[in-house]
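File shown: protein32.cif. Contents: mmCIF, C-alpha atoms.
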data_protein
loop_
_atom_site.group_PDB
_atom_site.id
_atom_site.type_symbol
_atom_site.label_atom_id
_atom_site.label_comp_id
_atom_site.auth_asym_id
_atom_site.auth_seq_id
_atom_site.Cartn_x
_atom_site.Cartn_y
_atom_site.Cartn_z
ATOM 1 C CA MET A 10 0.000 0.000 0.000
ATOM 2 C CA ALA A 11 1.195 3.485 -0.825
ATOM 3 C CA THR A 12 1.856 5.785 2.087
ATOM 4 C CA ARG A 13 0.189 9.157 2.322
ATOM 5 C CA GLN A 14 3.579 10.810 2.015
ATOM 6 C CA SER A 15 4.462 8.941 -1.179
ATOM 7 C CA VAL A 16 1.111 9.829 -2.765
ATOM 8 C CA ASP A 17 1.514 13.474 -1.746
ATOM 9 C CA HIS A 18 5.016 13.509 -3.216
ATOM 10 C CA CYS A 19 3.756 11.977 -6.455
ATOM 11 C CA LEU A 20 0.928 14.518 -6.681
ATOM 12 C CA GLN A 21 3.359 17.369 -6.011
ATOM 13 C CA ASN A 22 5.593 16.159 -8.844
ATOM 14 C CA CYS A 23 2.546 16.061 -11.091
ATOM 15 C CA VAL A 24 1.509 19.601 -10.148
ATOM 16 C CA GLU A 25 5.012 20.855 -10.934
ATOM 17 C CA ALA A 26 5.017 19.092 -14.309
ATOM 18 C CA LEU A 27 1.536 20.421 -15.060
ATOM 19 C CA ASN A 28 2.482 24.001 -14.152
ATOM 20 C CA PHE A 29 5.626 23.837 -16.268
ATOM 21 C CA ALA A 30 3.650 22.435 -19.195
ATOM 22 C CA LYS A 31 0.988 25.141 -18.879
ATOM 23 C CA GLN A 32 3.694 27.787 -18.878
ATOM 24 C CA GLN A 33 5.318 26.305 -21.982
ATOM 25 C CA TYR A 34 1.953 25.930 -23.696
ATOM 26 C CA GLU A 35 1.113 29.593 -23.129
ATOM 27 C CA GLU A 36 4.537 30.672 -24.301
ATOM 28 C CA ALA A 37 4.377 28.465 -27.394
ATOM 29 C CA SER A 38 0.954 29.781 -28.310
ATOM 30 C CA ARG A 39 2.403 33.316 -28.374
ATOM 31 C CA GLN A 40 5.858 32.698 -29.844
ATOM 32 C CA GLU A 41 5.351 29.802 -32.229
ATOM 33 C CA HIS A 42 8.603 27.905 -32.908
ATOM 34 C CA TYR A 43 11.080 29.774 -30.740
ATOM 35 C CA ASN A 44 11.302 27.326 -27.845
ATOM 36 C CA ASP A 45 10.732 23.830 -29.253
ATOM 37 C CA SER A 46 13.201 21.978 -27.018
ATOM 38 C CA THR A 47 11.683 23.308 -23.787
ATOM 39 C CA TYR A 48 8.202 22.559 -25.105
ATOM 40 C CA ILE A 49 9.229 18.978 -25.820
ATOM 41 C CA ASP A 50 10.861 18.720 -22.383
ATOM 42 C CA SER A 51 7.604 19.763 -20.754
ATOM 43 C CA GLN A 52 5.739 17.090 -22.734
ATOM 44 C CA GLN A 53 8.255 14.504 -21.530
ATOM 45 C CA LEU A 54 7.753 15.644 -17.934
ATOM 46 C CA LEU A 55 4.017 15.170 -18.354
ATOM 47 C CA GLN A 56 4.552 11.631 -19.618
ATOM 48 C CA THR A 57 6.934 10.858 -16.760
ATOM 49 C CA ALA A 58 4.366 12.153 -14.275
ATOM 50 C CA LEU A 59 1.670 9.997 -15.878
ATOM 51 C CA ASN A 60 3.910 6.941 -15.640
ATOM 52 C CA GLU A 61 4.587 7.674 -11.966
ATOM 53 C CA LEU A 62 0.852 8.071 -11.347
ATOM 54 C CA GLN A 63 0.119 4.757 -12.976
ATOM 55 C CA MET A 64 2.665 2.949 -10.822
ATOM 56 C CA MET A 65 1.412 4.675 -7.680
ATOM 57 C CA ALA A 66 -2.212 3.782 -8.477
ATOM 58 C CA HIS A 67 -1.365 0.077 -8.383
ATOM 59 C CA ASN A 68 -0.341 0.380 -4.737
ATOM 60 C CA SER A 69 -2.950 2.812 -3.460
ATOM 61 C CA ASN A 70 -6.263 2.552 -1.672
ATOM 62 C CA ASP A 71 -9.574 3.747 -3.140
ATOM 63 C CA GLN A 72 -9.331 7.298 -1.816
ATOM 64 C CA GLN A 73 -5.752 7.707 -3.026
ATOM 65 C CA ARG A 74 -6.660 6.198 -6.372
ATOM 66 C CA GLU A 75 -9.417 8.795 -6.780
ATOM 67 C CA GLN A 76 -6.947 11.636 -6.134
ATOM 68 C CA LEU A 77 -4.483 10.112 -8.566
ATOM 69 C CA ASN A 78 -7.169 9.634 -11.201
ATOM 70 C CA ARG A 79 -8.232 13.296 -10.997
ATOM 71 C CA MET A 80 -4.616 14.357 -11.480
ATOM 72 C CA LYS A 81 -4.241 11.891 -14.346
ATOM 73 C CA MET A 82 -7.167 13.497 -16.163
ATOM 74 C CA GLN A 83 -5.599 16.955 -15.795
ATOM 75 C CA LEU A 84 -2.246 15.726 -17.087
ATOM 76 C CA GLU A 85 -3.834 13.922 -20.030
ATOM 77 C CA GLN A 86 -5.858 17.018 -20.937
ATOM 78 C CA MET A 87 -2.701 19.131 -20.911
ATOM 79 C CA GLN A 88 -0.933 16.530 -23.039
ATOM 80 C CA HIS A 89 -3.816 16.602 -25.492
ATOM 81 C CA ASP A 90 -3.810 20.401 -25.659
ATOM 82 C CA MET A 91 -0.061 20.482 -26.247
ATOM 83 C CA ILE A 92 -0.275 17.939 -29.055
ATOM 84 C CA LEU A 93 -3.017 19.896 -30.809
ATOM 85 C CA LEU A 94 -1.317 23.278 -30.509
ATOM 86 C CA ARG A 95 -0.031 24.435 -33.862
ATOM 87 C CA HIS A 96 3.177 26.005 -32.667
#
Please express what this file holds, its structure, as structure tokens.
Amino acid sequence: MATRQSVDHCLQNCVEALNFAKQQYEEASRQEHYNDSTYIDSQQLLQTALNELQMMAHNSNDQQREQLNRMKMQLEQMQHDMILLRH
């Protein structure tokens, strides 16, 4: 079973990845192709966070799994938005 601390740490990592991705998305939507490598890095961080969430969900209880699932949906939505952005 996942500890509360490990779930909180995982969620914090996800929030940081999500915030970084949002920042890069906003910047890319204004500047087009000027910062491709950082944009790609933020997409990779999102995928890493999703992978960590998936592993954590296997060892969590129902309440923790619900928190992780809500975060997963936010990360996947950001991933989707970043893929569709014509930058």
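Nearest to Ala37 (chain A) of all the residues A:Ser69, A:Thr12, A:Ser51, A:Gln56 is A:Ser51, based on only C-alpha atoms.
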- Task: Find, counting all atoms listed in the file, the residue in A:Gln52, A:Asn60, A:Asn68, A:Ser15 that gets nearest to Lys81 (chain A).
- Result: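 That would be A:Asn60, the residue with the smallest distance to Lys81 (chain A).
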- Message: Here is a test: counting only C-alpha atoms, which residue of A:Asp90, A:Tyr43, A:Arg95, A:Val16 is nearest to Leu77 (chain A)?
- Response: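 Closest residue, counting only C-alpha atoms: A:Val16.
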- Message: Which residues are close to region 20-27 of chain A, i.e. within 10 Å by all atoms listed in the file, leaving aside same-chain residues fewer than 2 positions away? Reply as number ranges by chain.
- Response: A: 14-18, 29-33, 50-59, 61-62, 65, 76-77, 80-81, 83-85, 87-88
- Task: For CA of Gln73 (chain A) and CA of Ala11 (chain A), quote the distance in Å rounded to one decimal.
- Result: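 Answer for the CA of Gln73 (chain A) to CA of Ala11 (chain A) separation: 8.4 Å.
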- Query: What is the distance, in Å and to one decimal place, between CA of Leu94 (chain A) and CA of Glu36 (chain A)?
  - Reply: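 Interatomic distance, CA of Leu94 (chain A) to CA of Glu36 (chain A): 11.3 Å.
Pairwise distance (CA of Asn78 (chain A), CA of Tyr34 (chain A)) equals 22.5 Å.
Of the residues listed (A:Gln63, A:Asn44, A:Asn28, A:Ser38), A:Ser38 shows the shortest atom-to-atom separation from Ile92 (chain A); distances use all atoms listed in the file.
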So that all listed atoms of region 85-92 of chain A fit with 8 Å spare on each side, what axis-aligned box centre and edge lengths in Å, to one decimal, would you give as lines of an AutoDock Vina configuration file?
center_x = -3.0
center_y = 17.2
center_z = -24.5
size_x = 21.8
size_y = 22.6
size_z = 25.0
